[in-house]
Every structure is written in C-alpha cells, then in structure tokens.
Amino acid sequence: MFNGAADFAPSRERLRRSHRALIPHIFAADIADRIHAALAAERNWDLCYRDGGTDATLFAGDHAALDVGARARKLADIAHAAVGRYAYAYDHYPMIDRYLAARDDDHPLQQLVNVFHSEPVLDFLRALVGDAGIRRVKMQATRYLPGHFLRRHNDTSDSNEERRYAFVFNLGRDWRADWGGLLQFLDEAGNVIDTFLPTFNSLSLFRVPQWHQVSLVAPWAEQPRYALTGWLTP
C-alpha cells in the first residue's frame, strides 16, 4: 500500500524534531490513483459545517438538491457566522460511520477502514510516528471546494478520545498554492509559522495539539481538494 521505494527516515526525523512533517509520495502510485478515482467518483458527500457555536451537517441528499445559488447562499451564511469564532465548512464522506452502518460493504471508501486497521498498515504508521501504542485510525474522506475553509484550532477533543497525531493524506490533483486550501500552522499569537501545500500523494502528519487551519479555497481553484483526514489514537 505504501511506497516501498521511498526512504521515510528523513520524514521520521522531521516529525521527531518539529512534531510535523509533509511526506511526499506516501502511497504506491497505483494505490494513490485508485483512492483518487474513488474520491472523484463519489457523489454522496455531506456538507459539514459549524453554525455559530454548533456543529451541523447538511446530508448528501439535501446538499445535492440545492441549486448553485442556494449553495452559494449557504456558504455565505456559514462564513458570516464564522466571524470571530472557530468555524469550518467542507464536504465529507463519513467512512467509519457508513462502514459501521454496513450501508455498502463493497464501497471502496468503506473498504479502506479495514485496510487502515490491518496490522501491516498500523505497523507502518506506528514506526512512522514512533508510537507503538497506536491502535485506531479515525478517518473521514474530505472534499474542499471553492468557499470551503477550516479556521484556527488545535484538534483537542471534548470527548474522551485521545488524539495523538493528526493526518491528511492529500489526494487532490495538481494543487497550486494560490488556490488556497493550505494547511497552515500557527503560534500562540496567531502568526503563520509553517505551511504545507497539499500536493498529490503526500501525507501531512503532525502531533496533537498544534494550532493550525486550512485556508479558504479560492473561487478559481480548478480541482477539488480531496483527502483522507483524521487522527491516530490508542
């Protein structure tokens, strides 16, 4: 599954030194292409967003029923509610929820839940982060389109879930910096101290907690910003 020809030792060292790393060519090329194809073919995307102080979801059927104007107004309302507070808006496919609901056992995105919990994959991830206690991969598929964003936060959870590392397997094609959608790390004062471009078949990996955000995707972005995102937990 992962790129057997790559030397991941420098990435492990960067992660140990700075608690974050952007790792290129993470998957074998054919695997990256297959996952991208599954993401591009998917049509049942929910819009997840934060409305004021409340997490909300516009489920796939209702989302798909909106015309272009209604979608634009919805995003404008979400952006207005985001002023001065943590907020987000992006499309997601809840892989684990749909896997547990057994809606479609043959769905390629749901099959990835089993793949990422196989011992060879877990062993690779444990070695990469240097943590033998990793047992679970909490994952969703995400799609950022123009107008989508994720404001400053540090991935701490209100639940009892212990998030040790956050990850973003970047699977958007030919992404350019001026399209936005950049993963940016911030200091306590809110200054940007590091930026990861979501290049195709790369892995953004960082220790939790760290302040970070995903910059607003520009209207001229030519491709969706696809990814598999989530956390490594014990």
# chains A, B, ... in the order shown; residues from 1 in each chain; ligands from 1
$ residues_around --residues "segment 218-232 of chain A" --least-positions-apart "6" --cutoff "6 Å" --atoms "only C-alpha atoms" --output "ChimeraX atom specification"
/A:136-146,163-172,179-180
$ write_last_selection --atoms "N, CA and C atoms" --output "compact mmCIF listing (two decimals), in the first residue's frame"
# COMPACT_ATOMS: atom_id res chain seq x y z
N ARG A 136 -5.85 2.69 16.58
CA ARG A 136 -7.00 3.05 15.74
C ARG A 136 -6.66 4.21 14.81
N VAL A 137 -7.33 4.19 13.66
CA VAL A 137 -7.21 5.25 12.68
C VAL A 137 -8.62 5.83 12.48
N LYS A 138 -8.88 6.98 13.08
CA LYS A 138 -10.19 7.65 12.95
C LYS A 138 -10.15 8.50 11.68
N MET A 139 -10.92 8.12 10.68
CA MET A 139 -10.72 8.67 9.34
C MET A 139 -12.04 9.09 8.70
N GLN A 140 -11.96 10.15 7.91
CA GLN A 140 -13.05 10.55 7.03
C GLN A 140 -12.44 10.97 5.69
N ALA A 141 -13.23 10.88 4.64
CA ALA A 141 -12.82 11.47 3.36
C ALA A 141 -13.34 12.89 3.32
N THR A 142 -12.52 13.81 2.79
CA THR A 142 -12.94 15.21 2.72
C THR A 142 -12.74 15.75 1.31
N ARG A 143 -13.59 16.71 0.99
CA ARG A 143 -13.51 17.40 -0.30
C ARG A 143 -13.72 18.89 -0.05
N TYR A 144 -12.67 19.66 -0.32
CA TYR A 144 -12.78 21.12 -0.20
C TYR A 144 -13.00 21.71 -1.59
N LEU A 145 -14.05 22.49 -1.70
CA LEU A 145 -14.39 23.20 -2.93
C LEU A 145 -14.28 24.70 -2.68
N PRO A 146 -14.36 25.54 -3.73
CA PRO A 146 -14.30 26.98 -3.50
C PRO A 146 -15.29 27.44 -2.42
N ARG A 163 -6.33 11.93 20.95
CA ARG A 163 -5.77 12.10 19.61
C ARG A 163 -4.28 12.37 19.74
N ARG A 164 -3.46 11.43 19.26
CA ARG A 164 -2.02 11.59 19.39
C ARG A 164 -1.39 12.27 18.18
N TYR A 165 -1.85 11.89 16.99
CA TYR A 165 -1.35 12.51 15.76
C TYR A 165 -2.53 12.76 14.83
N ALA A 166 -2.46 13.88 14.11
CA ALA A 166 -3.43 14.17 13.06
C ALA A 166 -2.77 13.91 11.71
N PHE A 167 -3.58 13.51 10.75
CA PHE A 167 -3.01 13.21 9.43
C PHE A 167 -3.94 13.72 8.34
N VAL A 168 -3.33 14.03 7.20
CA VAL A 168 -4.05 14.38 5.97
C VAL A 168 -3.34 13.69 4.82
N PHE A 169 -3.94 12.65 4.27
CA PHE A 169 -3.42 12.04 3.04
C PHE A 169 -3.98 12.87 1.88
N ASN A 170 -3.12 13.67 1.26
CA ASN A 170 -3.54 14.61 0.23
C ASN A 170 -3.69 13.90 -1.11
N LEU A 171 -4.88 14.03 -1.72
CA LEU A 171 -5.18 13.29 -2.94
C LEU A 171 -5.84 14.16 -4.01
N GLY A 172 -5.66 15.47 -3.89
CA GLY A 172 -6.12 16.39 -4.94
C GLY A 172 -5.05 16.55 -6.01
N TRP A 179 -4.55 28.54 -5.03
CA TRP A 179 -5.92 28.03 -4.90
C TRP A 179 -6.39 28.02 -3.46
N GLY A 180 -5.51 28.34 -2.51
CA GLY A 180 -5.87 28.23 -1.10
C GLY A 180 -5.84 26.77 -0.66
$ select_by_dssp --residues "segment 13-184 of chain A" --states "helix (DSSP H, G or I)" --output "PyMOL selection string"
chain A and resi 13-18+29-41+60-65+68-81+95-100+108-116+119-129+177-179
$ select_by_dssp --residues "segment 24-217 of chain A" --states "strand (DSSP E or B)" --output "PyMOL selection string"
chain A and resi 27+46-51+54-58+88-93+136-144+149-153+165-170+183-186+192-196+202-207+212-214
$ residues_around --residues "Thr195 of chain A" --least-positions-apart "6" --cutoff "12 Å" --atoms "only C-alpha atoms" --output "PyMOL selection string"
chain A and resi 20-22+177+180-186+204+211-215
$ decode --residues "segment 39-89 of chain A" --atoms "C-alpha atoms" --output "short mmCIF file (atom, residue, chain, number, x, y, z; two decimals), in the first residue's frame"
data_model
loop_
_atom_site.label_atom_id
_atom_site.label_comp_id
_atom_site.auth_asym_id
_atom_site.auth_seq_id
_atom_site.Cartn_x
_atom_site.Cartn_y
_atom_site.Cartn_z
CA LEU A 39 -13.00 10.05 -4.24
CA ALA A 40 -13.66 11.63 -7.64
CA ALA A 41 -16.43 9.13 -8.38
CA GLU A 42 -18.18 9.65 -5.03
CA ARG A 43 -21.44 11.62 -5.15
CA ASN A 44 -22.79 11.18 -1.61
CA TRP A 45 -20.92 13.99 0.12
CA ASP A 46 -22.36 15.60 3.25
CA LEU A 47 -21.61 19.27 3.91
CA CYS A 48 -20.32 19.55 7.45
CA TYR A 49 -20.00 22.99 8.98
CA ARG A 50 -20.17 24.96 12.19
CA ASP A 51 -23.16 27.27 12.51
CA GLY A 52 -22.24 29.77 15.21
CA GLY A 53 -21.15 27.53 18.06
CA THR A 54 -22.90 24.38 16.86
CA ASP A 55 -21.60 21.55 14.65
CA ALA A 56 -24.03 20.81 11.83
CA THR A 57 -24.41 18.59 8.78
CA LEU A 58 -26.33 19.06 5.56
CA PHE A 59 -26.75 15.46 4.49
CA ALA A 60 -25.92 14.33 0.98
CA GLY A 61 -29.47 14.18 -0.41
CA ASP A 62 -30.39 17.67 0.82
CA HIS A 63 -27.00 19.01 -0.21
CA ALA A 64 -27.34 17.64 -3.75
CA ALA A 65 -30.85 19.12 -4.05
CA LEU A 66 -29.57 22.69 -3.69
CA ASP A 67 -29.00 24.65 -6.86
CA VAL A 68 -25.86 26.73 -7.43
CA GLY A 69 -27.40 29.88 -5.99
CA ALA A 70 -28.68 28.13 -2.87
CA ARG A 71 -25.28 26.55 -2.24
CA ALA A 72 -23.58 29.93 -2.56
CA ARG A 73 -26.03 31.49 -0.11
CA LYS A 74 -25.48 28.64 2.33
CA LEU A 75 -21.72 29.13 2.25
CA ALA A 76 -22.15 32.89 2.63
CA ASP A 77 -24.29 32.35 5.73
CA ILE A 78 -21.70 29.97 7.19
CA ALA A 79 -18.90 32.46 6.52
CA HIS A 80 -20.90 35.26 8.16
CA ALA A 81 -21.44 33.10 11.25
CA ALA A 82 -17.69 32.32 11.34
CA VAL A 83 -16.66 35.89 12.14
CA GLY A 84 -14.71 35.97 15.38
CA ARG A 85 -15.01 32.26 16.20
CA TYR A 86 -13.89 28.76 15.31
CA ALA A 87 -15.76 27.51 12.25
CA TYR A 88 -15.46 25.32 9.19
CA ALA A 89 -17.21 24.24 6.03
#
